[in-house]
file target-v9.cif (mmCIF, C-alpha atoms and all ligand atoms)
data_entry
loop_
_atom_site.label_atom_id
_atom_site.label_comp_id
_atom_site.auth_asym_id
_atom_site.auth_seq_id
_atom_site.Cartn_x
_atom_site.Cartn_y
_atom_site.Cartn_z
CA MET A 1 34.92 -4.57 -25.75
CA LYS A 2 33.26 -7.61 -27.34
CA ALA A 3 29.60 -6.67 -27.26
CA GLY A 4 26.39 -8.62 -26.93
CA VAL A 5 22.81 -7.39 -27.02
CA ILE A 6 20.06 -9.20 -25.15
CA GLY A 7 16.67 -8.60 -26.76
CA ALA A 8 16.04 -8.15 -30.48
CA GLY A 9 13.06 -5.83 -30.44
CA ALA A 10 13.31 -2.52 -32.28
CA TRP A 11 15.74 -0.95 -29.82
CA GLY A 12 17.99 -3.98 -29.30
CA THR A 13 18.27 -4.42 -33.06
CA ALA A 14 19.05 -0.74 -33.62
CA LEU A 15 21.72 -0.85 -30.90
CA ALA A 16 23.27 -3.98 -32.43
CA GLN A 17 23.39 -2.16 -35.75
CA LEU A 18 25.10 0.79 -34.08
CA LEU A 19 27.69 -1.43 -32.37
CA ALA A 20 28.36 -3.32 -35.61
CA ALA A 21 28.98 -0.14 -37.60
CA ASP A 22 32.76 -0.54 -37.32
CA GLY A 23 32.64 -4.15 -38.53
CA GLN A 24 33.15 -5.78 -35.12
CA GLU A 25 31.05 -8.86 -34.50
CA VAL A 26 28.00 -8.19 -32.32
CA ARG A 27 25.98 -11.03 -30.83
CA LEU A 28 22.25 -10.42 -30.62
CA TRP A 29 20.13 -12.70 -28.46
CA ALA A 30 16.53 -13.02 -29.65
CA ARG A 31 13.67 -15.01 -28.16
CA GLU A 32 12.00 -15.79 -31.44
CA PRO A 33 13.67 -18.39 -33.72
CA ASP A 34 12.15 -16.59 -36.75
CA VAL A 35 13.97 -13.42 -35.75
CA VAL A 36 17.27 -15.29 -35.28
CA ASP A 37 16.89 -16.87 -38.73
CA ALA A 38 15.91 -13.65 -40.51
CA ILE A 39 18.85 -11.74 -39.03
CA ASN A 40 21.43 -14.45 -39.80
CA ARG A 41 20.09 -15.36 -43.24
CA ASP A 42 18.68 -12.13 -44.68
CA HIS A 43 20.20 -9.49 -42.35
CA VAL A 44 16.82 -8.00 -41.50
CA ASN A 45 14.44 -8.04 -38.53
CA PRO A 46 11.05 -7.84 -40.24
CA LEU A 47 9.14 -8.44 -37.01
CA TYR A 48 10.52 -5.52 -34.97
CA LEU A 49 12.60 -3.23 -37.21
CA PRO A 50 11.22 -3.66 -40.72
CA GLY A 51 12.86 -1.96 -43.68
CA VAL A 52 16.33 -1.59 -42.15
CA PRO A 53 19.14 -3.60 -43.80
CA LEU A 54 21.32 -4.92 -40.98
CA SER A 55 25.09 -5.34 -40.83
CA ALA A 56 26.43 -8.80 -41.64
CA SER A 57 28.55 -8.42 -38.47
CA ILE A 58 25.44 -9.01 -36.36
CA VAL A 59 25.17 -12.68 -35.40
CA SER A 60 21.88 -13.63 -33.80
CA THR A 61 21.33 -16.51 -31.41
CA ASP A 62 18.64 -17.84 -29.10
CA ALA A 63 21.21 -19.50 -26.82
CA MET A 64 22.30 -17.35 -23.89
CA ALA A 65 25.43 -19.54 -23.61
CA ASP A 66 26.67 -17.78 -26.77
CA MET A 67 27.03 -14.59 -24.68
CA ALA A 68 29.61 -16.16 -22.34
CA ASP A 69 32.65 -14.54 -24.03
CA ARG A 70 31.15 -11.03 -24.22
CA GLU A 71 32.83 -8.13 -22.37
CA MET A 72 29.67 -6.04 -22.16
CA LEU A 73 25.99 -6.89 -22.54
CA LEU A 74 23.31 -4.40 -23.51
CA VAL A 75 20.02 -5.51 -21.94
CA VAL A 76 17.07 -4.42 -24.08
CA SER A 77 14.11 -6.56 -23.03
CA PRO A 78 10.79 -5.06 -21.98
CA ALA A 79 11.15 -3.85 -18.39
CA GLN A 80 8.80 -6.45 -16.95
CA HIS A 81 10.97 -9.26 -18.39
CA LEU A 82 14.35 -7.80 -17.46
CA ARG A 83 14.69 -9.87 -14.30
CA SER A 84 14.23 -13.18 -16.10
CA VAL A 85 16.58 -12.41 -19.00
CA VAL A 86 19.30 -10.95 -16.76
CA ALA A 87 19.11 -14.05 -14.55
CA GLN A 88 19.99 -16.16 -17.62
CA ALA A 89 22.93 -13.93 -18.64
CA PRO A 90 26.53 -14.88 -17.82
CA ALA A 91 27.60 -13.61 -14.38
CA GLY A 92 30.10 -10.81 -13.83
CA VAL A 93 29.83 -9.17 -17.28
CA PRO A 94 29.06 -5.41 -17.27
CA LEU A 95 25.37 -4.88 -18.01
CA VAL A 96 24.20 -1.79 -19.87
CA LEU A 97 20.49 -1.51 -19.12
CA CYS A 98 18.46 0.02 -21.95
CA SER A 99 14.91 -0.88 -20.85
CA LYS A 100 12.64 1.86 -19.52
CA GLY A 101 10.27 1.04 -16.70
CA ILE A 102 9.66 0.07 -13.10
CA GLU A 103 9.10 -3.55 -12.11
CA ALA A 104 5.53 -4.44 -11.14
CA GLY A 105 5.20 -6.09 -7.76
CA THR A 106 8.51 -4.76 -6.41
CA SER A 107 8.51 -1.10 -7.59
CA LEU A 108 12.22 -1.58 -8.29
CA LEU A 109 14.11 0.32 -10.98
CA MET A 110 15.91 -1.75 -13.60
CA SER A 111 19.32 -1.29 -11.97
CA GLU A 112 17.89 -2.56 -8.69
CA VAL A 113 16.32 -5.56 -10.43
CA ALA A 114 19.55 -6.37 -12.27
CA ALA A 115 21.58 -6.08 -9.06
CA GLN A 116 19.31 -8.72 -7.50
CA ALA A 117 19.38 -11.01 -10.56
CA GLN A 118 23.16 -10.75 -11.18
CA PRO A 119 24.80 -9.46 -7.98
CA THR A 120 28.36 -9.64 -9.36
CA SER A 121 27.72 -7.75 -12.63
CA PRO A 122 28.65 -4.04 -12.84
CA ILE A 123 25.71 -1.94 -14.02
CA ALA A 124 25.29 1.03 -16.34
CA VAL A 125 22.15 2.64 -17.77
CA LEU A 126 21.76 3.94 -21.32
CA SER A 127 18.71 6.17 -21.73
CA GLY A 128 17.62 9.21 -23.70
CA PRO A 129 15.60 10.51 -26.65
CA THR A 130 16.26 7.71 -29.12
CA PHE A 131 13.64 6.41 -31.51
CA ALA A 132 15.09 3.06 -32.65
CA ALA A 133 14.31 3.59 -36.33
CA GLU A 134 16.23 6.89 -36.40
CA VAL A 135 19.29 5.42 -34.65
CA ALA A 136 19.23 2.46 -37.06
CA ARG A 137 19.26 4.93 -39.98
CA GLY A 138 22.29 6.73 -38.51
CA LEU A 139 20.45 9.98 -37.75
CA PRO A 140 22.09 12.28 -35.15
CA THR A 141 21.28 11.22 -31.59
CA ALA A 142 22.51 12.05 -28.07
CA ILE A 143 21.96 9.87 -25.01
CA THR A 144 22.83 9.61 -21.32
CA LEU A 145 25.18 6.83 -20.18
CA ALA A 146 24.99 6.58 -16.40
CA CYS A 147 27.33 4.45 -14.31
CA ALA A 148 28.73 4.76 -10.79
CA ASP A 149 32.12 3.57 -12.06
CA GLY A 150 33.60 6.38 -14.17
CA ASP A 151 36.29 4.18 -15.75
CA LEU A 152 33.77 1.60 -16.88
CA ALA A 153 31.49 4.37 -18.19
CA ALA A 154 34.37 5.78 -20.25
CA ARG A 155 35.15 2.36 -21.76
CA ILE A 156 31.51 1.72 -22.64
CA ALA A 157 31.19 5.22 -24.09
CA GLN A 158 34.21 4.62 -26.34
CA ARG A 159 32.62 1.42 -27.62
CA ILE A 160 29.17 2.82 -28.37
CA ALA A 161 30.00 6.38 -29.54
CA ARG A 162 29.70 7.01 -33.28
CA PRO A 163 29.98 10.20 -35.35
CA ALA A 164 26.19 10.56 -35.13
CA PHE A 165 25.63 8.88 -31.75
CA ARG A 166 26.89 10.85 -28.81
CA PRO A 167 26.75 9.53 -25.23
CA TYR A 168 26.96 12.01 -22.34
CA LEU A 169 28.31 10.54 -19.10
CA SER A 170 26.65 10.71 -15.70
CA ASP A 171 27.04 8.92 -12.38
CA ASP A 172 23.34 9.37 -11.53
CA VAL A 173 22.01 5.92 -12.43
CA ILE A 174 18.72 6.35 -10.55
CA GLY A 175 18.06 9.74 -12.17
CA ALA A 176 18.63 8.37 -15.67
CA GLU A 177 16.25 5.49 -15.01
CA ILE A 178 13.47 7.57 -13.48
CA GLY A 179 13.38 9.94 -16.45
CA GLY A 180 13.01 7.07 -18.91
CA ALA A 181 10.34 5.30 -16.89
CA VAL A 182 8.17 8.31 -16.04
CA LYS A 183 8.24 9.91 -19.50
CA ASN A 184 6.44 6.88 -20.96
CA VAL A 185 3.45 7.49 -18.69
CA LEU A 186 3.43 11.21 -19.52
CA ALA A 187 3.62 10.41 -23.24
CA ILE A 188 0.35 8.50 -22.92
CA ALA A 189 -1.21 11.64 -21.43
CA CYS A 190 0.13 13.78 -24.28
CA GLY A 191 -1.23 11.30 -26.82
CA VAL A 192 -4.66 11.71 -25.23
CA THR A 193 -4.57 15.45 -25.99
CA GLU A 194 -3.98 14.63 -29.66
CA GLY A 195 -6.64 11.93 -29.84
CA ALA A 196 -9.23 14.06 -28.07
CA GLY A 197 -8.38 17.20 -30.05
CA LEU A 198 -7.45 19.21 -26.95
CA GLY A 199 -4.86 21.31 -28.75
CA LEU A 200 -1.18 22.11 -28.46
CA ASN A 201 -1.54 24.31 -25.35
CA ALA A 202 -2.78 21.28 -23.46
CA ARG A 203 0.14 19.21 -24.65
CA ALA A 204 2.68 21.85 -23.61
CA ALA A 205 0.97 22.13 -20.23
CA LEU A 206 1.20 18.38 -19.75
CA ILE A 207 4.87 18.30 -20.73
CA SER A 208 5.67 21.06 -18.20
CA ARG A 209 3.48 19.84 -15.38
CA GLY A 210 4.50 16.27 -16.16
CA PHE A 211 8.13 17.29 -15.84
CA ALA A 212 7.26 18.78 -12.43
CA GLU A 213 5.84 15.38 -11.45
CA MET A 214 8.90 13.57 -12.76
CA THR A 215 11.13 15.91 -10.77
CA ARG A 216 9.17 15.51 -7.52
CA PHE A 217 9.23 11.74 -7.83
CA GLY A 218 12.87 11.66 -8.89
CA LEU A 219 14.04 13.83 -6.01
CA ALA A 220 12.13 11.61 -3.58
CA ARG A 221 14.02 8.59 -4.97
CA GLY A 222 17.44 10.29 -4.78
CA ALA A 223 17.79 11.46 -8.41
CA ARG A 224 19.57 14.71 -9.22
CA VAL A 225 17.58 17.50 -10.81
CA GLU A 226 20.16 18.11 -13.56
CA THR A 227 19.82 14.49 -14.68
CA LEU A 228 16.04 14.86 -14.85
CA ALA A 229 16.47 18.06 -16.88
CA GLY A 230 18.90 16.29 -19.25
CA LEU A 231 18.63 13.90 -22.17
CA SER A 232 17.26 10.94 -20.19
CA GLY A 233 14.54 13.05 -18.55
CA LEU A 234 13.27 16.20 -20.22
CA GLY A 235 14.93 15.27 -23.53
CA ASP A 236 13.11 11.96 -23.79
CA LEU A 237 9.90 13.50 -22.46
CA VAL A 238 9.87 16.07 -25.26
CA LEU A 239 10.61 13.41 -27.91
CA THR A 240 8.03 10.91 -26.76
CA CYS A 241 5.34 13.54 -26.22
CA SER A 242 5.72 14.87 -29.75
CA SER A 243 4.82 12.20 -32.24
CA THR A 244 2.92 9.04 -33.04
CA ASN A 245 6.32 7.43 -33.72
CA SER A 246 6.13 6.82 -29.97
CA ARG A 247 4.15 3.71 -29.03
CA ASN A 248 3.18 5.34 -25.74
CA PHE A 249 1.94 8.52 -27.42
CA SER A 250 0.00 6.38 -29.92
CA LEU A 251 -1.61 4.42 -27.12
CA GLY A 252 -2.69 7.69 -25.52
CA LYS A 253 -4.02 8.94 -28.85
CA GLY A 254 -6.22 5.86 -29.05
CA LEU A 255 -7.50 6.50 -25.52
CA GLY A 256 -8.18 10.12 -26.47
CA GLU A 257 -10.22 8.93 -29.44
CA GLY A 258 -12.39 7.04 -26.96
CA ARG A 259 -11.14 3.53 -27.65
CA PRO A 260 -11.01 1.25 -24.58
CA ALA A 261 -7.56 0.51 -23.11
CA ALA A 262 -8.21 -3.24 -23.14
CA GLU A 263 -8.80 -3.17 -26.89
CA LEU A 264 -5.72 -1.02 -27.52
CA LEU A 265 -3.48 -3.26 -25.40
CA ALA A 266 -4.81 -6.61 -26.64
CA ASN A 267 -2.53 -8.62 -28.92
CA ARG A 268 0.18 -5.96 -29.15
CA ARG A 269 3.48 -7.32 -30.37
CA THR A 270 5.46 -4.18 -29.54
CA VAL A 271 5.69 -2.81 -26.05
CA ALA A 272 4.10 0.42 -24.72
CA GLU A 273 5.98 0.50 -21.41
CA GLY A 274 3.93 3.33 -19.94
CA ALA A 275 0.89 1.08 -19.59
CA PHE A 276 2.86 -1.20 -17.24
CA THR A 277 4.75 1.56 -15.47
CA ALA A 278 1.71 3.77 -14.73
CA PRO A 279 0.10 1.71 -11.92
CA VAL A 280 3.47 0.89 -10.35
CA LEU A 281 4.51 4.53 -10.49
CA ARG A 282 1.20 5.63 -8.94
CA ALA A 283 1.65 3.16 -6.07
CA ALA A 284 5.29 4.16 -5.52
CA ALA A 285 4.38 7.87 -5.60
CA ARG A 286 1.51 7.44 -3.15
CA ALA A 287 3.78 5.44 -0.83
CA ALA A 288 6.38 8.22 -0.97
CA GLY A 289 3.76 10.96 -0.46
CA VAL A 290 4.50 12.48 -3.89
CA GLU A 291 1.59 14.04 -5.80
CA MET A 292 1.41 12.84 -9.44
CA PRO A 293 -1.97 13.96 -10.82
CA VAL A 294 -1.12 13.33 -14.48
CA THR A 295 0.00 9.80 -13.66
CA GLU A 296 -3.21 9.28 -11.66
CA ALA A 297 -5.25 10.47 -14.66
CA VAL A 298 -3.41 8.09 -17.03
CA CYS A 299 -4.12 5.21 -14.65
CA ALA A 300 -7.81 6.12 -14.54
CA LEU A 301 -7.97 5.96 -18.34
CA LEU A 302 -5.99 2.71 -18.57
CA GLU A 303 -8.20 1.13 -15.93
CA ASP A 304 -11.32 2.55 -17.59
CA VAL A 305 -12.73 3.71 -14.25
CA ALA A 306 -14.01 7.05 -15.50
CA PRO A 307 -15.01 8.59 -18.83
CA LEU A 308 -12.38 10.70 -20.59
CA ALA A 309 -14.27 13.98 -20.12
CA GLN A 310 -14.49 13.40 -16.38
CA VAL A 311 -10.77 12.61 -16.11
CA ILE A 312 -9.88 15.79 -18.02
CA ASP A 313 -12.29 17.90 -15.94
CA ALA A 314 -10.86 16.51 -12.71
CA LEU A 315 -7.30 17.44 -13.74
CA LEU A 316 -8.35 20.97 -14.68
CA ALA A 317 -10.43 21.45 -11.53
CA ARG A 318 -7.59 20.81 -9.10
CA PRO A 319 -7.13 23.65 -6.59
CA LEU A 320 -5.11 26.57 -7.95
CA ARG A 321 -1.55 26.50 -6.65
CA PRO A 322 1.86 28.12 -7.07
CA GLU A 323 3.88 26.84 -9.99
N1 LIG B 401 11.84 1.22 -29.55
C1 LIG B 401 12.50 2.29 -29.15
O1 LIG B 401 12.62 3.26 -29.91
C2 LIG B 401 13.11 2.33 -27.79
C3 LIG B 401 12.81 1.39 -26.82
N2 LIG B 401 13.38 1.47 -25.59
C4 LIG B 401 13.08 0.48 -24.55
O2 LIG B 401 13.64 -0.77 -24.91
C5 LIG B 401 12.87 -1.83 -24.33
C6 LIG B 401 12.55 -2.83 -25.41
O3 LIG B 401 11.72 -2.19 -26.36
P1 LIG B 401 11.74 -2.47 -27.92
O4 LIG B 401 13.09 -2.90 -28.36
O5 LIG B 401 11.14 -1.29 -28.57
O6 LIG B 401 10.79 -3.74 -28.04
P2 LIG B 401 9.71 -4.07 -29.19
O7 LIG B 401 8.41 -3.52 -28.78
O8 LIG B 401 10.24 -3.67 -30.51
O9 LIG B 401 9.67 -5.65 -29.14
C7 LIG B 401 9.16 -6.38 -28.06
C8 LIG B 401 10.28 -7.16 -27.43
O10 LIG B 401 9.79 -7.85 -26.30
C9 LIG B 401 10.35 -9.14 -26.28
N3 LIG B 401 9.54 -10.01 -25.44
C10 LIG B 401 8.24 -10.33 -25.56
N4 LIG B 401 7.88 -11.19 -24.59
C11 LIG B 401 8.99 -11.42 -23.84
C12 LIG B 401 9.28 -12.24 -22.71
N5 LIG B 401 8.34 -13.01 -22.16
N6 LIG B 401 10.54 -12.24 -22.22
C13 LIG B 401 11.50 -11.47 -22.78
N7 LIG B 401 11.29 -10.68 -23.85
C14 LIG B 401 10.05 -10.67 -24.37
C15 LIG B 401 10.36 -9.53 -27.74
O11 LIG B 401 11.22 -10.63 -27.98
C16 LIG B 401 10.89 -8.23 -28.34
O12 LIG B 401 12.30 -8.19 -28.24
C17 LIG B 401 11.65 -1.17 -23.70
O13 LIG B 401 11.84 -1.04 -22.32
C18 LIG B 401 11.60 0.21 -24.36
O14 LIG B 401 11.01 1.19 -23.53
C19 LIG B 401 14.27 2.44 -25.28
C20 LIG B 401 14.62 3.39 -26.21
C21 LIG B 401 14.07 3.41 -27.53
O1 LIG B 402 11.84 5.46 -25.53
C1 LIG B 402 11.64 5.80 -26.68
C2 LIG B 402 12.33 6.92 -27.31
O2 LIG B 402 13.36 7.43 -26.52
C3 LIG B 402 10.61 5.09 -27.47
O3 LIG B 402 9.37 5.53 -27.08
P1 LIG B 402 8.08 4.60 -27.24
O4 LIG B 402 8.39 3.36 -26.43
O5 LIG B 402 6.95 5.38 -26.70
O6 LIG B 402 7.95 4.29 -28.69
#

call {"tool": "encode", "arguments": {"input": "target-v9.cif", "output": "C-alpha cells", "more": "lines below"}}
Ligand SMILES: NC(=O)C1=CN([C@@H]2O[C@H](COP(=O)(O)OP(=O)(O)OC[C@H]3O[C@@H](n4cnc5c(N)ncnc54)[C@H](O)[C@@H]3O)[C@@H](O)[C@H]2O)C=CC1
Ligand SMILES: O=C(CO)COP(=O)(O)O
result
Amino acid sequence: MKAGVIGAGAWGTALAQLLAADGQEVRLWAREPDVVDAINRDHVNPLYLPGVPLSASIVSTDAMADMADREMLLVVSPAQHLRSVVAQAPAGVPLVLCSKGIEAGTSLLMSEVAAQAQPTSPIAVLSGPTFAAEVARGLPTAITLACADGDLAARIAQRIARPAFRPYLSDDVIGAEIGGAVKNVLAIACGVTEGAGLGLNARAALISRGFAEMTRFGLARGARVETLAGLSGLGDLVLTCSSTNSRNFSLGKGLGEGRPAAELLANRRTVAEGAFTAPVLRAAARAAGVEMPVTEAVCALLEDVAPLAQVIDALLARPLRPE
C-alpha cells in the first residue's frame, strides 16, 4: 500500500521512518514549511524529532493534494486538530488514526470525528505504548491496530509490521481509542506524584485506580475489557505513567512541583494531550454517570481551582469502598 502520513510531529515522523524502512516512498505532510524543507534537504526533523537521521525515502510536502495517490493515510495530528486535517485529506482512502484524545465541544472519539469529516473513508486506529523516539530508533515495540474490517486490518498490518514493530489486531476501535485518550490524563496524575515527592506507592495506586476509571468509562462507551487491559489501554498507561519521556507525565510533574498550569502550558510547541482531554473526559463521564475521581483531581489542578495539598487530601479522603 502506498503510504502517506499526515502530521510531522514526533509521532508522525517516527511512523514515516518506520514505513520507509523497506525503501518504499512515504509522503509526509507537514504544516510548517521549515519542517518540509529540513526533511527533504537534510533528512531530519529538528523541530519535533531532533537527532534522528531520517530515510531518504521520506518525501515531505505541505500540499494535501500530494496525498491523492496514497492507498492509506496515517493521521497523526493533535487530537483537537484532527477534524480539520482529515477534512482536507483525499476522500475514500483508508485512514489510520494515530492521535490520542477526545474532541472538545463534541466529546467525540477520533474515529467518530473522522467519520463525520470523511464519511466515505474506512477507518482504523493505531494505538499503544509507543514513545516516538524509541520507534524511530528501531527499538522493540508492540501496538494495537483496531479496525472493524478484518481484511483491511490485515493489509495495513502487513504494511506497517517490522521485525521490531509488532501490531496486534483488534476489531474494538472504540476500546483502543479510549485507552489512548484516558491514559494521558492519568499520566498527568502520576507525574504529580513524582513532582510532589509522594512516592512510588502513590504512583502504583494511581495506575491501578486509574485503570479502574478507564475501564468504567470504556465499558460505558461500549469498549471491551480485554482491549482496555491490552497494549492500547493498560500497556500505554504503564508506559506513560513511568517516565518524564512522556509529555503528559512531565506536565504533571511540573504541577506537582507547584508550578501553575497556565505557565506550564504556555508557548508549548509539543502537545500534552491530557490537558485537552481531561475536561472533556470529565464532562463525558459525568454525563454518563461514571465516577472518575482521578480525572476530576487532574482537572482541578489544571484549572487551578484548589491547592495541590487539598486536591490530594480530597482524593485520599473519599469514602472507603470495595475494590
Ligand atoms: N510523541 C509520541 O511519542 C506519540 C504521540 N502520539 C499522539 O500523536 C499525536 C501527535 O503528537 P506528536 O506527533 O507527538 O506531536 P508533537 O507534539 O511532536 O508536535 C505537534 C504537532 O502538532 C501540529 N500542529 C500544531 N498546530 C496545529 C494545527 N493548528 N493544525 C494541525 N496540526 C497542528 C504540529 O504541526 C506538529 O505536527 C498526539 O495525539 C499524540 O498523543 C501517539 C503515540 C506516541
Ligand atoms: O502516547 C505516548 C506513548 O504511547 C506518548 O506519550 P506523551 O504524549 O505523554 O509523551

call {"tool": "atom_distance", "arguments": {"input": "target-v9.cif", "atom1": "atom CA of A:Val93", "atom2": "atom C8 of ligand LIG 401 (chain B)"}}
result
22.1 Å

call {"tool": "closest_atom_pairs", "arguments": {"input": "target-v9.cif", "of": "chain A", "to": "ligand LIG 401 (chain B)", "cutoff": "6 Å", "atoms": "only C-alpha atoms and all ligand atoms", "output": "tab-separated table"}}
result
residue	atom	partner	partner_atom	distance
A:Gly7	CA	B:LIG401	O12	4.6
A:Ala8	CA	B:LIG401	O12	4.4
A:Gly9	CA	B:LIG401	O12	3.3
A:Ala10	CA	B:LIG401	O8	3.7
A:Trp11	CA	B:LIG401	O4	3.6
A:Gly12	CA	B:LIG401	O4	5.1
A:Arg31	CA	B:LIG401	O11	5.0
A:Tyr48	CA	B:LIG401	O8	4.8
A:Val76	CA	B:LIG401	C5	4.9
A:Ser77	CA	B:LIG401	C6	4.7
A:Pro78	CA	B:LIG401	O13	4.2
A:Ala79	CA	B:LIG401	O13	4.9
A:His81	CA	B:LIG401	N6	4.9
A:Cys98	CA	B:LIG401	O2	5.7
A:Ser99	CA	B:LIG401	O13	3.4
A:Lys100	CA	B:LIG401	O13	4.1
A:Thr130	CA	B:LIG401	C21	5.1
A:Phe131	CA	B:LIG401	O1	3.7
A:Ala132	CA	B:LIG401	O1	3.7
A:Thr270	CA	B:LIG401	O7	3.1
A:Val271	CA	B:LIG401	O7	3.9
A:Glu273	CA	B:LIG401	O14	5.5

call {"tool": "axis_aligned_box", "arguments": {"input": "target-v9.cif", "around": "stretch 168-181 of chain A", "padding_each_side": "6 Å", "output": "lines of an AutoDock Vina configuration file"}}
result
center_x = 19.3
center_y = 8.7
center_z = -16.4
size_x = 30.0
size_y = 18.7
size_z = 23.8

call {"tool": "residues_near_ligand", "arguments": {"input": "target-v9.cif", "ligand": "ligand LIG 402 (chain B)", "cutoff": "7 Å", "atoms": "all atoms listed in the file", "output": "list in words"}}
result
Gly128, Pro129, Thr130, Phe131, Gly180, Asn184, Ala187, Asp236, Leu239, Thr240, Asn245, Ser246, Arg247, Asn248, Phe249, Val271, Ala272 and Glu273 of chain A

call {"tool": "atom_distance", "arguments": {"input": "target-v9.cif", "atom1": "atom CA of A:Gly233", "atom2": "atom CA of A:Arg209"}}
result
13.4 Å

call {"tool": "atom_distance", "arguments": {"input": "target-v9.cif", "atom1": "atom CA of A:Ala89", "atom2": "atom CA of A:Ala63"}}
result
10.0 Å

call {"tool": "closest_residue", "arguments": {"input": "target-v9.cif", "among": "A:Ile160, A:Met67, A:Ile102, A:Leu47", "to": "A:Pro33", "atoms": "only C-alpha atoms"}}
result
A:Leu47

call {"tool": "residues_around", "arguments": {"input": "target-v9.cif", "residues": "A:Ile178", "least_positions_apart": "5", "cutoff": "12 Å", "atoms": "all atoms listed in the file", "output": "PyMOL selection string"}}
result
chain A and resi 99-102+107-111+125-128+146+172-173+183-185+211+213-225+227-234+236-237+277+281+284

call {"tool": "write_last_selection", "arguments": {"input": "target-v9.cif", "atoms": "C-alpha atoms", "output": "compact mmCIF listing (two decimals), in the coordinates of the input"}}
result
# COMPACT_ATOMS: atom_id res chain seq x y z
CA SER A 99 14.91 -0.88 -20.85
CA LYS A 100 12.64 1.86 -19.52
CA GLY A 101 10.27 1.04 -16.70
CA ILE A 102 9.66 0.07 -13.10
CA SER A 107 8.51 -1.10 -7.59
CA LEU A 108 12.22 -1.58 -8.29
CA LEU A 109 14.11 0.32 -10.98
CA MET A 110 15.91 -1.75 -13.60
CA SER A 111 19.32 -1.29 -11.97
CA VAL A 125 22.15 2.64 -17.77
CA LEU A 126 21.76 3.94 -21.32
CA SER A 127 18.71 6.17 -21.73
CA GLY A 128 17.62 9.21 -23.70
CA ALA A 146 24.99 6.58 -16.40
CA ASP A 172 23.34 9.37 -11.53
CA VAL A 173 22.01 5.92 -12.43
CA LYS A 183 8.24 9.91 -19.50
CA ASN A 184 6.44 6.88 -20.96
CA VAL A 185 3.45 7.49 -18.69
CA PHE A 211 8.13 17.29 -15.84
CA GLU A 213 5.84 15.38 -11.45
CA MET A 214 8.90 13.57 -12.76
CA THR A 215 11.13 15.91 -10.77
CA ARG A 216 9.17 15.51 -7.52
CA PHE A 217 9.23 11.74 -7.83
CA GLY A 218 12.87 11.66 -8.89
CA LEU A 219 14.04 13.83 -6.01
CA ALA A 220 12.13 11.61 -3.58
CA ARG A 221 14.02 8.59 -4.97
CA GLY A 222 17.44 10.29 -4.78
CA ALA A 223 17.79 11.46 -8.41
CA ARG A 224 19.57 14.71 -9.22
CA VAL A 225 17.58 17.50 -10.81
CA THR A 227 19.82 14.49 -14.68
CA LEU A 228 16.04 14.86 -14.85
CA ALA A 229 16.47 18.06 -16.88
CA GLY A 230 18.90 16.29 -19.25
CA LEU A 231 18.63 13.90 -22.17
CA SER A 232 17.26 10.94 -20.19
CA GLY A 233 14.54 13.05 -18.55
CA LEU A 234 13.27 16.20 -20.22
CA ASP A 236 13.11 11.96 -23.79
CA LEU A 237 9.90 13.50 -22.46
CA THR A 277 4.75 1.56 -15.47
CA LEU A 281 4.51 4.53 -10.49
CA ALA A 284 5.29 4.16 -5.52

call {"tool": "closest_residue", "arguments": {"input": "target-v9.cif", "among": "A:Val298, A:Leu97, A:Pro293, A:Ala161", "to": "A:Ala317", "atoms": "all atoms listed in the file"}}
result
A:Pro293

call {"tool": "closest_residue", "arguments": {"input": "target-v9.cif", "among": "A:Val52, A:Ala212, A:Val26, A:Ala278", "to": "A:Glu103", "atoms": "only C-alpha atoms"}}
result
A:Ala278

call {"tool": "residues_near_point", "arguments": {"input": "target-v9.cif", "point": "(-7.1, -0.1, -27.5)", "cutoff": "8 Å", "atoms": "all atoms listed in the file", "output": "VMD selection string"}}
result
chain A and resid 251 254 to 255 259 to 266

call {"tool": "residues_around", "arguments": {"input": "target-v9.cif", "residues": "stretch 147-156 of chain A", "least_positions_apart": "4", "cutoff": "10 Å", "atoms": "only C-alpha atoms", "output": "list of chain:residue names"}}
result
A:Met1, A:Ala3, A:Glu71, A:Met72, A:Pro94, A:Val96, A:Pro122, A:Ile123, A:Ala124, A:Val125, A:Leu126, A:Ile160, A:Ala161, A:Pro167, A:Tyr168, A:Leu169, A:Ser170, A:Asp171, A:Asp172, A:Val173, A:Ile174, A:Ala176

call {"tool": "build_atoms", "arguments": {"input": "target-v9.cif", "residues": "stretch 98-106 of chain A", "atoms": "N, CA and C atoms", "output": "PDB file, keeping the file's coordinate frame"}}
result
ATOM      1  N   CYS A  98      19.064  -0.897 -20.976  1.00  0.00           N
ATOM      2  CA  CYS A  98      18.460   0.020 -21.950  1.00  0.00           C
ATOM      3  C   CYS A  98      16.934   0.015 -21.865  1.00  0.00           C
ATOM      4  N   SER A  99      16.367  -0.777 -20.985  1.00  0.00           N
ATOM      5  CA  SER A  99      14.910  -0.880 -20.850  1.00  0.00           C
ATOM      6  C   SER A  99      14.412   0.272 -19.990  1.00  0.00           C
ATOM      7  N   LYS A 100      13.177   0.706 -20.238  1.00  0.00           N
ATOM      8  CA  LYS A 100      12.640   1.860 -19.520  1.00  0.00           C
ATOM      9  C   LYS A 100      11.375   1.452 -18.768  1.00  0.00           C
ATOM     10  N   GLY A 101      11.474   1.368 -17.459  1.00  0.00           N
ATOM     11  CA  GLY A 101      10.270   1.040 -16.700  1.00  0.00           C
ATOM     12  C   GLY A 101      10.591   0.770 -15.252  1.00  0.00           C
ATOM     13  N   ILE A 102       9.553   0.426 -14.509  1.00  0.00           N
ATOM     14  CA  ILE A 102       9.660   0.070 -13.100  1.00  0.00           C
ATOM     15  C   ILE A 102       9.009  -1.298 -12.955  1.00  0.00           C
ATOM     16  N   GLU A 103       9.617  -2.184 -12.192  1.00  0.00           N
ATOM     17  CA  GLU A 103       9.100  -3.550 -12.110  1.00  0.00           C
ATOM     18  C   GLU A 103       7.803  -3.614 -11.297  1.00  0.00           C
ATOM     19  N   ALA A 104       6.796  -4.247 -11.859  1.00  0.00           N
ATOM     20  CA  ALA A 104       5.530  -4.440 -11.140  1.00  0.00           C
ATOM     21  C   ALA A 104       5.766  -5.413  -9.988  1.00  0.00           C
ATOM     22  N   GLY A 105       5.080  -5.191  -8.899  1.00  0.00           N
ATOM     23  CA  GLY A 105       5.200  -6.090  -7.760  1.00  0.00           C
ATOM     24  C   GLY A 105       6.280  -5.672  -6.788  1.00  0.00           C
ATOM     25  N   THR A 106       7.406  -5.166  -7.298  1.00  0.00           N
ATOM     26  CA  THR A 106       8.510  -4.760  -6.410  1.00  0.00           C
ATOM     27  C   THR A 106       8.729  -3.252  -6.391  1.00  0.00           C
TER      28      THR A 106
END
